[in-house]
file entry_2.csv (CSV, C-alpha atoms)
chain,number,residue,atom,x,y,z
M,1,MET,CA,26.3,-179.8,259.0
M,2,PRO,CA,23.7,-181.1,261.4
M,3,LYS,CA,24.2,-184.4,263.1
M,4,ALA,CA,22.9,-187.2,261.0
M,5,GLN,CA,19.7,-189.0,262.0
M,6,LYS,CA,20.0,-192.7,262.7
M,7,SER,CA,18.2,-194.9,260.3
M,8,LYS,CA,15.2,-196.6,261.8
M,9,SER,CA,15.8,-199.7,259.8
M,10,GLY,CA,19.5,-199.8,260.4
M,11,SER,CA,22.0,-201.2,257.9
M,12,ALA,CA,24.1,-204.3,257.7
M,13,ALA,CA,26.2,-202.8,254.8
M,14,THR,CA,29.9,-202.2,255.4
M,15,GLY,CA,32.3,-199.8,253.7
M,16,PRO,CA,31.6,-196.4,252.3
M,17,TYR,CA,28.7,-197.4,250.1
M,18,SER,CA,25.4,-199.3,250.5
M,19,THR,CA,23.1,-200.6,247.8
M,20,ASN,CA,19.7,-198.9,247.2
M,21,LYS,CA,16.3,-200.5,247.9
M,22,THR,CA,16.5,-202.6,244.7
M,23,GLY,CA,19.6,-204.3,246.0
M,24,SER,CA,21.5,-203.6,242.8
M,25,SER,CA,25.2,-204.0,243.1
M,26,THR,CA,25.7,-201.5,240.3
M,27,ASN,CA,23.5,-198.7,241.7
M,28,LYS,CA,25.2,-197.6,244.9
M,29,VAL,CA,24.4,-194.8,247.3
M,30,PHE,CA,27.1,-193.1,249.4
M,31,LYS,CA,26.7,-194.2,253.0
M,32,PHE,CA,27.0,-191.1,255.3
M,33,ASN,CA,28.9,-191.4,258.6
M,34,THR,CA,26.4,-190.4,261.3
M,35,THR,CA,29.1,-189.9,264.0
M,36,LEU,CA,30.6,-187.1,261.9
M,37,GLY,CA,27.3,-185.4,261.4
M,38,GLN,CA,27.3,-185.6,257.6
M,39,HIS,CA,24.5,-183.8,255.8
M,40,ILE,CA,25.4,-182.7,252.3
M,41,LEU,CA,24.2,-179.4,251.0
M,42,LYS,CA,22.5,-180.5,247.7
M,43,ASN,CA,20.9,-177.2,246.5
M,44,PRO,CA,23.4,-175.5,244.1
M,45,GLY,CA,21.5,-172.2,244.5
M,46,VAL,CA,22.2,-172.2,248.2
M,47,ALA,CA,25.8,-173.1,247.6
M,48,THR,CA,26.2,-170.2,245.2
M,49,ALA,CA,24.5,-167.8,247.6
M,50,ILE,CA,26.9,-168.8,250.4
M,51,VAL,CA,30.0,-168.3,248.2
M,52,GLU,CA,28.7,-164.9,247.0
M,53,LYS,CA,28.3,-163.7,250.6
M,54,ALA,CA,32.1,-164.2,251.0
M,55,SER,CA,32.9,-161.5,248.3
M,56,LEU,CA,35.9,-163.5,247.2
M,57,LYS,CA,38.9,-161.9,245.4
M,58,PRO,CA,41.2,-163.6,242.8
M,59,SER,CA,44.1,-163.1,245.3
M,60,ASP,CA,42.3,-164.9,248.2
M,61,ILE,CA,43.4,-168.0,249.9
M,62,VAL,CA,40.3,-169.8,251.1
M,63,LEU,CA,39.8,-172.3,253.9
M,64,GLU,CA,36.8,-174.6,253.6
M,65,VAL,CA,35.9,-176.8,256.6
M,66,GLY,CA,34.0,-180.1,256.1
M,67,PRO,CA,33.7,-180.0,252.2
M,68,GLY,CA,31.9,-183.3,252.0
M,69,THR,CA,31.5,-184.3,248.4
M,70,GLY,CA,32.5,-180.8,247.2
M,71,ASN,CA,29.3,-178.9,246.3
M,72,LEU,CA,30.6,-175.8,247.9
M,73,THR,CA,34.2,-176.5,246.9
M,74,VAL,CA,33.5,-176.4,243.2
M,75,GLN,CA,31.6,-173.1,243.6
M,76,ILE,CA,34.7,-171.6,245.4
M,77,LEU,CA,37.1,-172.9,242.7
M,78,ALA,CA,34.9,-171.5,240.0
M,79,LYS,CA,35.5,-168.0,241.5
M,80,SER,CA,39.2,-168.2,240.4
M,81,VAL,CA,40.6,-167.8,243.9
M,82,ARG,CA,44.4,-168.1,244.4
M,83,GLN,CA,44.2,-171.3,246.4
M,84,LEU,CA,41.7,-173.4,248.3
M,85,HIS,CA,42.6,-175.4,251.4
M,86,VAL,CA,40.0,-177.9,252.6
M,87,VAL,CA,40.0,-179.8,255.8
M,88,GLU,CA,37.9,-183.0,255.9
M,89,MET,CA,37.6,-185.5,258.7
M,90,ASP,CA,36.4,-188.4,256.6
M,91,PRO,CA,38.9,-190.0,254.2
M,92,ARG,CA,36.1,-191.3,252.0
M,93,MET,CA,34.8,-187.8,251.5
M,94,ALA,CA,38.3,-186.5,250.7
M,95,ALA,CA,38.6,-189.3,248.1
M,96,GLU,CA,35.2,-188.3,246.5
M,97,LEU,CA,36.4,-184.7,246.4
M,98,THR,CA,39.7,-185.6,244.7
M,99,LYS,CA,37.8,-187.6,242.1
M,100,ARG,CA,35.4,-184.7,241.5
M,101,VAL,CA,38.1,-182.2,240.5
M,102,GLN,CA,40.2,-184.7,238.5
M,103,GLY,CA,40.4,-183.6,234.8
M,104,THR,CA,40.2,-179.9,235.7
M,105,PRO,CA,43.9,-178.9,235.8
M,106,GLU,CA,43.3,-175.4,237.1
M,107,TRP,CA,41.2,-176.7,240.0
M,108,GLU,CA,43.6,-179.6,240.8
M,109,LYS,CA,46.5,-177.1,241.0
M,110,LYS,CA,44.7,-174.8,243.4
M,111,LEU,CA,43.1,-177.4,245.7
M,112,GLN,CA,44.9,-178.6,248.8
M,113,ILE,CA,43.1,-181.4,250.8
M,114,THR,CA,44.0,-182.2,254.4
M,115,VAL,CA,42.4,-185.2,256.1
M,116,GLY,CA,42.0,-184.6,259.9
M,117,ASP,CA,40.4,-182.7,262.7
M,118,VAL,CA,40.3,-179.0,262.0
M,119,ILE,CA,40.0,-178.1,265.7
M,120,LYS,CA,43.2,-180.0,266.5
M,121,ALA,CA,45.2,-179.3,263.4
M,122,PRO,CA,47.3,-176.1,262.8
M,123,LEU,CA,45.6,-173.9,260.3
M,124,PRO,CA,47.4,-172.6,257.1
M,125,TYR,CA,47.3,-168.9,256.3
M,126,PHE,CA,44.0,-168.0,254.8
M,127,ASP,CA,42.0,-164.8,253.9
M,128,VAL,CA,38.5,-166.3,253.9
M,129,CYS,CA,36.8,-169.2,255.6
M,130,ILE,CA,33.7,-170.9,254.1
M,131,SER,CA,32.0,-173.8,255.8
M,132,ASN,CA,28.9,-176.0,256.0
M,133,THR,CA,30.0,-176.6,259.6
M,134,PRO,CA,29.5,-179.9,261.4
M,135,TYR,CA,27.3,-178.8,264.3
M,136,GLN,CA,29.4,-180.5,267.0
M,137,ILE,CA,32.3,-178.2,266.3
M,138,SER,CA,30.4,-175.0,265.8
M,139,SER,CA,31.6,-173.1,268.9
M,140,PRO,CA,35.2,-174.4,268.8
M,141,LEU,CA,35.5,-173.5,265.1
M,142,VAL,CA,34.2,-170.0,265.6
M,143,PHE,CA,36.8,-169.3,268.4
M,144,LYS,CA,39.6,-171.0,266.5
M,145,LEU,CA,39.0,-168.7,263.6
M,146,LEU,CA,38.7,-165.6,265.8
M,147,GLN,CA,42.0,-166.4,267.5
M,148,ALA,CA,43.9,-167.2,264.2
M,149,SER,CA,46.9,-164.9,263.7
M,150,PRO,CA,46.2,-163.1,261.5
M,151,PRO,CA,42.5,-163.6,261.6
M,152,PRO,CA,40.6,-164.1,258.3
M,153,ARG,CA,39.1,-161.1,256.6
M,154,VAL,CA,35.7,-162.8,256.7
M,155,ALA,CA,34.1,-166.2,257.5
M,156,VAL,CA,30.8,-167.3,256.0
M,157,LEU,CA,29.6,-170.3,258.0
M,158,MET,CA,26.5,-172.5,258.1
M,159,PHE,CA,25.2,-173.5,261.5
M,160,GLN,CA,22.1,-174.9,263.2
M,161,ARG,CA,19.6,-172.0,263.3
M,162,GLU,CA,19.5,-171.6,267.0
M,163,PHE,CA,23.3,-171.4,267.3
M,164,ALA,CA,23.4,-168.9,264.5
M,165,MET,CA,20.8,-166.7,266.2
M,166,ARG,CA,22.7,-166.8,269.5
M,167,LEU,CA,25.7,-165.4,267.6
M,168,VAL,CA,23.8,-162.4,266.5
M,169,ALA,CA,21.5,-161.9,269.5
M,170,LYS,CA,21.6,-158.5,271.2
M,171,PRO,CA,21.5,-157.7,275.0
M,172,GLY,CA,18.0,-158.2,276.3
M,173,GLU,CA,17.0,-160.7,273.6
M,174,PRO,CA,16.0,-164.2,274.7
M,175,LEU,CA,19.0,-165.9,273.0
M,176,TYR,CA,21.6,-163.5,274.2
M,177,CYS,CA,24.3,-165.4,276.1
M,178,ARG,CA,28.0,-165.7,276.8
M,179,LEU,CA,28.5,-166.9,273.3
M,180,SER,CA,26.8,-163.7,271.9
M,181,ALA,CA,28.9,-161.3,274.1
M,182,ASN,CA,32.1,-163.2,273.4
M,183,VAL,CA,31.9,-163.4,269.6
M,184,GLN,CA,30.6,-159.8,269.3
M,185,MET,CA,33.6,-158.5,271.2
M,186,TRP,CA,36.0,-159.8,268.6
M,187,ALA,CA,33.9,-159.6,265.4
M,188,LYS,CA,31.0,-158.1,263.6
M,189,VAL,CA,28.4,-160.8,263.0
M,190,ALA,CA,25.4,-160.8,260.7
M,191,HIS,CA,22.7,-163.3,259.8
M,192,VAL,CA,22.6,-163.5,256.0
M,193,LEU,CA,20.6,-166.6,254.9
M,194,LYS,CA,18.1,-169.1,256.2
M,195,VAL,CA,18.5,-172.6,254.8
M,196,GLY,CA,15.6,-175.2,255.2
M,197,LYS,CA,16.3,-178.8,256.1
M,198,ASN,CA,15.2,-180.0,252.6
M,199,ASN,CA,18.3,-178.4,251.1
M,200,PHE,CA,20.4,-181.3,252.6
M,201,ARG,CA,20.8,-184.9,251.9
M,202,PRO,CA,19.7,-186.6,254.1
M,203,PRO,CA,17.5,-183.9,255.7
M,204,PRO,CA,18.4,-183.0,259.3
M,205,LYS,CA,15.9,-182.5,262.1
M,206,VAL,CA,16.7,-178.8,262.4
M,207,GLU,CA,16.7,-175.7,260.3
M,208,SER,CA,20.0,-174.0,259.4
M,209,SER,CA,21.3,-170.5,258.9
M,210,VAL,CA,24.3,-168.8,257.4
M,211,VAL,CA,26.2,-166.1,259.2
M,212,ARG,CA,28.9,-163.7,258.1
M,213,ILE,CA,31.6,-163.0,260.6
M,214,GLU,CA,34.1,-160.2,260.1
M,215,PRO,CA,36.9,-160.1,262.8
M,216,LYS,CA,37.5,-156.6,264.0
M,217,ASN,CA,40.7,-155.0,262.6
M,218,PRO,CA,42.6,-154.0,264.6
M,219,ARG,CA,41.8,-156.5,267.3
M,220,PRO,CA,40.5,-155.1,270.7
M,221,THR,CA,43.4,-154.7,273.1
M,222,VAL,CA,41.9,-157.0,275.6
M,223,SER,CA,43.1,-160.3,276.9
M,224,TYR,CA,40.8,-163.1,275.6
M,225,GLU,CA,41.5,-165.2,278.7
M,226,GLU,CA,40.5,-162.3,281.0
M,227,TRP,CA,37.4,-161.4,279.0
M,228,ASP,CA,36.1,-164.9,278.7
M,229,GLY,CA,37.0,-165.7,282.3
M,230,MET,CA,34.9,-162.8,283.6
M,231,LEU,CA,32.0,-163.7,281.3
M,232,ARG,CA,32.0,-167.3,282.5
M,233,ILE,CA,31.3,-166.0,286.0
M,234,LEU,CA,28.7,-163.4,284.9
M,235,PHE,CA,26.7,-165.7,282.7
M,236,VAL,CA,26.4,-168.7,285.0
M,237,ARG,CA,23.3,-167.0,286.4
M,238,GLY,CA,22.9,-164.5,283.6
M,239,ASN,CA,19.3,-163.5,284.6
M,240,ARG,CA,20.3,-162.8,288.2
M,241,THR,CA,22.2,-159.7,289.3
M,242,ILE,CA,26.0,-159.5,288.7
M,243,LYS,CA,26.4,-159.1,292.5
M,244,SER,CA,24.9,-162.5,293.0
M,245,ALA,CA,27.3,-164.0,290.4
M,246,PHE,CA,30.1,-163.3,292.8
M,247,ALA,CA,28.2,-164.6,295.9
M,248,SER,CA,29.4,-168.2,295.2
M,249,ARG,CA,32.2,-169.3,297.5
M,250,ALA,CA,33.8,-171.3,294.7
M,251,VAL,CA,33.9,-168.1,292.5
M,252,MET,CA,35.4,-166.0,295.3
M,253,GLU,CA,38.0,-168.6,296.1
M,254,MET,CA,39.1,-168.6,292.5
M,255,VAL,CA,39.2,-164.8,292.4
M,256,GLU,CA,41.2,-164.8,295.7
M,257,LYS,CA,43.7,-167.3,294.3
M,258,ASN,CA,44.3,-165.1,291.2
M,259,TRP,CA,44.5,-161.9,293.3
M,260,THR,CA,47.1,-163.6,295.6
M,261,THR,CA,49.2,-164.6,292.6
M,262,TRP,CA,49.0,-161.1,291.2
M,263,ARG,CA,50.1,-159.6,294.5
M,264,ALA,CA,53.0,-161.9,294.7
M,265,LEU,CA,54.1,-161.0,291.2
M,266,GLN,CA,54.0,-157.3,292.1
M,267,ASP,CA,56.1,-157.7,295.2
M,268,THR,CA,58.2,-160.9,295.6
M,269,ASP,CA,59.2,-159.9,299.2
M,270,MET,CA,55.7,-159.4,300.4
M,271,GLU,CA,54.5,-161.4,303.3
M,272,MET,CA,51.2,-163.1,302.5
M,273,ASP,CA,48.2,-163.2,304.8
M,274,ASP,CA,46.4,-166.4,305.5
M,275,LYS,CA,43.7,-167.5,303.0
M,276,GLY,CA,40.8,-166.5,305.2
M,277,GLN,CA,42.0,-162.9,305.5
M,278,ASN,CA,42.8,-162.7,301.8
M,279,LEU,CA,39.3,-164.0,301.0
M,280,GLU,CA,37.7,-161.2,303.1
M,281,LYS,CA,39.9,-158.6,301.4
M,282,VAL,CA,38.9,-159.8,298.0
M,283,LYS,CA,35.2,-159.7,298.8
M,284,THR,CA,35.6,-156.1,299.9
M,285,ILE,CA,37.4,-155.2,296.6
M,286,VAL,CA,34.8,-157.0,294.5
M,287,GLU,CA,32.0,-155.2,296.3
M,288,LYS,CA,33.7,-151.9,295.9
M,289,VAL,CA,34.2,-152.4,292.1
M,290,LEU,CA,30.6,-153.5,291.6
M,291,ASN,CA,29.3,-150.5,293.5
M,292,GLU,CA,31.6,-147.9,291.9
M,293,THR,CA,30.9,-149.1,288.4
M,294,GLY,CA,27.1,-149.2,289.0
M,295,MET,CA,27.1,-152.9,287.8
M,296,ALA,CA,26.1,-154.6,291.1
M,297,GLU,CA,22.4,-154.7,290.3
M,298,LYS,CA,22.6,-155.2,286.6
M,299,ARG,CA,22.1,-158.5,284.8
M,300,ALA,CA,24.6,-160.0,282.4
M,301,THR,CA,21.9,-160.8,279.8
M,302,LYS,CA,21.0,-157.0,279.7
M,303,CYS,CA,24.6,-155.8,279.4
M,304,GLY,CA,26.6,-155.0,276.3
M,305,GLU,CA,30.2,-154.8,275.3
M,306,GLN,CA,30.9,-151.4,276.9
M,307,ASP,CA,29.4,-152.5,280.2
M,308,PHE,CA,31.7,-155.6,280.3
M,309,LEU,CA,34.7,-153.6,279.3
M,310,LYS,CA,34.1,-151.0,282.0
M,311,LEU,CA,33.7,-153.8,284.6
M,312,LEU,CA,36.8,-155.7,283.5
M,313,TYR,CA,39.0,-152.5,283.5
M,314,ALA,CA,37.8,-151.7,287.0
M,315,PHE,CA,38.6,-155.2,288.3
M,316,ASN,CA,42.0,-155.3,286.7
M,317,THR,CA,42.8,-151.8,288.1
M,318,ASN,CA,42.1,-153.2,291.6
M,319,GLY,CA,44.2,-156.3,291.1
M,320,ILE,CA,41.3,-158.7,290.3
M,321,HIS,CA,42.1,-161.0,287.3
M,322,PHE,CA,40.2,-163.9,285.7
M,323,ARG,CA,42.9,-166.1,284.2
call {"tool": "encode", "arguments": {"input": "entry_2.csv", "output": "structure tokens"}}
result
Amino acid sequence: MPKAQKSKSGSAATGPYSTNKTGSSTNKVFKFNTTLGQHILKNPGVATAIVEKASLKPSDIVLEVGPGTGNLTVQILAKSVRQLHVVEMDPRMAAELTKRVQGTPEWEKKLQITVGDVIKAPLPYFDVCISNTPYQISSPLVFKLLQASPPPRVAVLMFQREFAMRLVAKPGEPLYCRLSANVQMWAKVAHVLKVGKNNFRPPPKVESSVVRIEPKNPRPTVSYEEWDGMLRILFVRGNRTIKSAFASRAVMEMVEKNWTTWRALQDTDMEMDDKGQNLEKVKTIVEKVLNETGMAEKRATKCGEQDFLKLLYAFNTNGIHFR
């Protein structure tokens, strides 16, 4: 969900509800929490389309993040899934959702509601994730899902349009970045649906998009920490050459520290050179790797998965690590 816009007029009302413009005490409107980025998907057609993209099975256990008042939730339950876990930060929303399914025994039995922060909380087992995602947790949620063990079969997630397009961007495209390279290493990502701002209540300032993420099975046999550590360096100056990314003294000192630790683990009786000598040795190794792989003059924003894998393998083979 996009971050809520602040009301120009402000509000003196307290509690989860505020009165409408007529001031009627019997005609109340739910007061959304702007700090949690609450924008409710109000178009049932869009909600149906999102759930359809998940290709749910009767045996599926589904995780929904940020259900709000339950417009997606009821669509998921209508698919006769085995179980639905929802994680909601706002207790008021959780209460609204509970009231919404009361009187529907088959739904009440299948629905499990957790109030809390999905990024900090341990996740239950689940096959599919569906979410109208609060935008402030977009990146952390994606990587938490990809690192889940086992990972979900599929995740269908709503994001701010620009974030979604970064997920699917290819090398050489304007929005291609570390996020693109990182997510596409671990999953297949596809843009499946554009969602206009008027499909939300209240409307956000930005457009939204839905993406479908399918974690690769089996997972790539690469350390996530190593992969992400190298990409952090390469994409700091993504439009400059990879050789220039390693020209920073701070970067080389970090690499030297990792290299020294690696050497010590290989030979516990080894006498260590002083830091200055080690730094020069590491610079020589880095230059050698970049030249031998042909990556020195390339730019990260133009490189794909195989380029990065080749470079990481060459670094690791020469004792250079990034975690």
call {"tool": "residues_near_point", "arguments": {"input": "entry_2.csv", "point": "(37.0, -185.6, 259.2)", "cutoff": "6 Å", "atoms": "only C-alpha atoms", "output": "list in words"}}
result
Glu88, Met89, Asp90, Gly116 and Asp117 of chain M
call {"tool": "closest_residue", "arguments": {"input": "entry_2.csv", "among": "M:Thr293, M:Ser223, M:Gln184, M:Ser80", "to": "Val142 (chain M)", "atoms": "all atoms listed in the file"}}
result
M:Gln184
call {"tool": "residues_around", "arguments": {"input": "entry_2.csv", "residues": "Ile113 (chain M)", "least_positions_apart": "6", "cutoff": "12 Å", "atoms": "all atoms listed in the file", "output": "number ranges by chain"}}
result
M: 62-68, 70, 73, 83-91, 93-99, 101, 107, 124
call {"tool": "residues_around", "arguments": {"input": "entry_2.csv", "residues": "region 297-302 of chain M", "least_positions_apart": "6", "cutoff": "10 Å", "atoms": "only C-alpha atoms", "output": "list in words"}}
result
Lys170, Pro171, Gly172, Glu173, Pro174, Leu175, Tyr176, Cys177, Arg178, Ser180, Ala181, Leu231, Ile233, Leu234, Phe235, Val236, Arg237, Gly238, Asn239, Arg240, Thr241, Ile242, Lys243, Ser244, Ala245, Leu290, Asn291 and Phe308 of chain M
call {"tool": "atom_distance", "arguments": {"input": "entry_2.csv", "atom1": "CA of Asn198 (chain M)", "atom2": "CA of Leu167 (chain M)"}}
result
23.4 Å
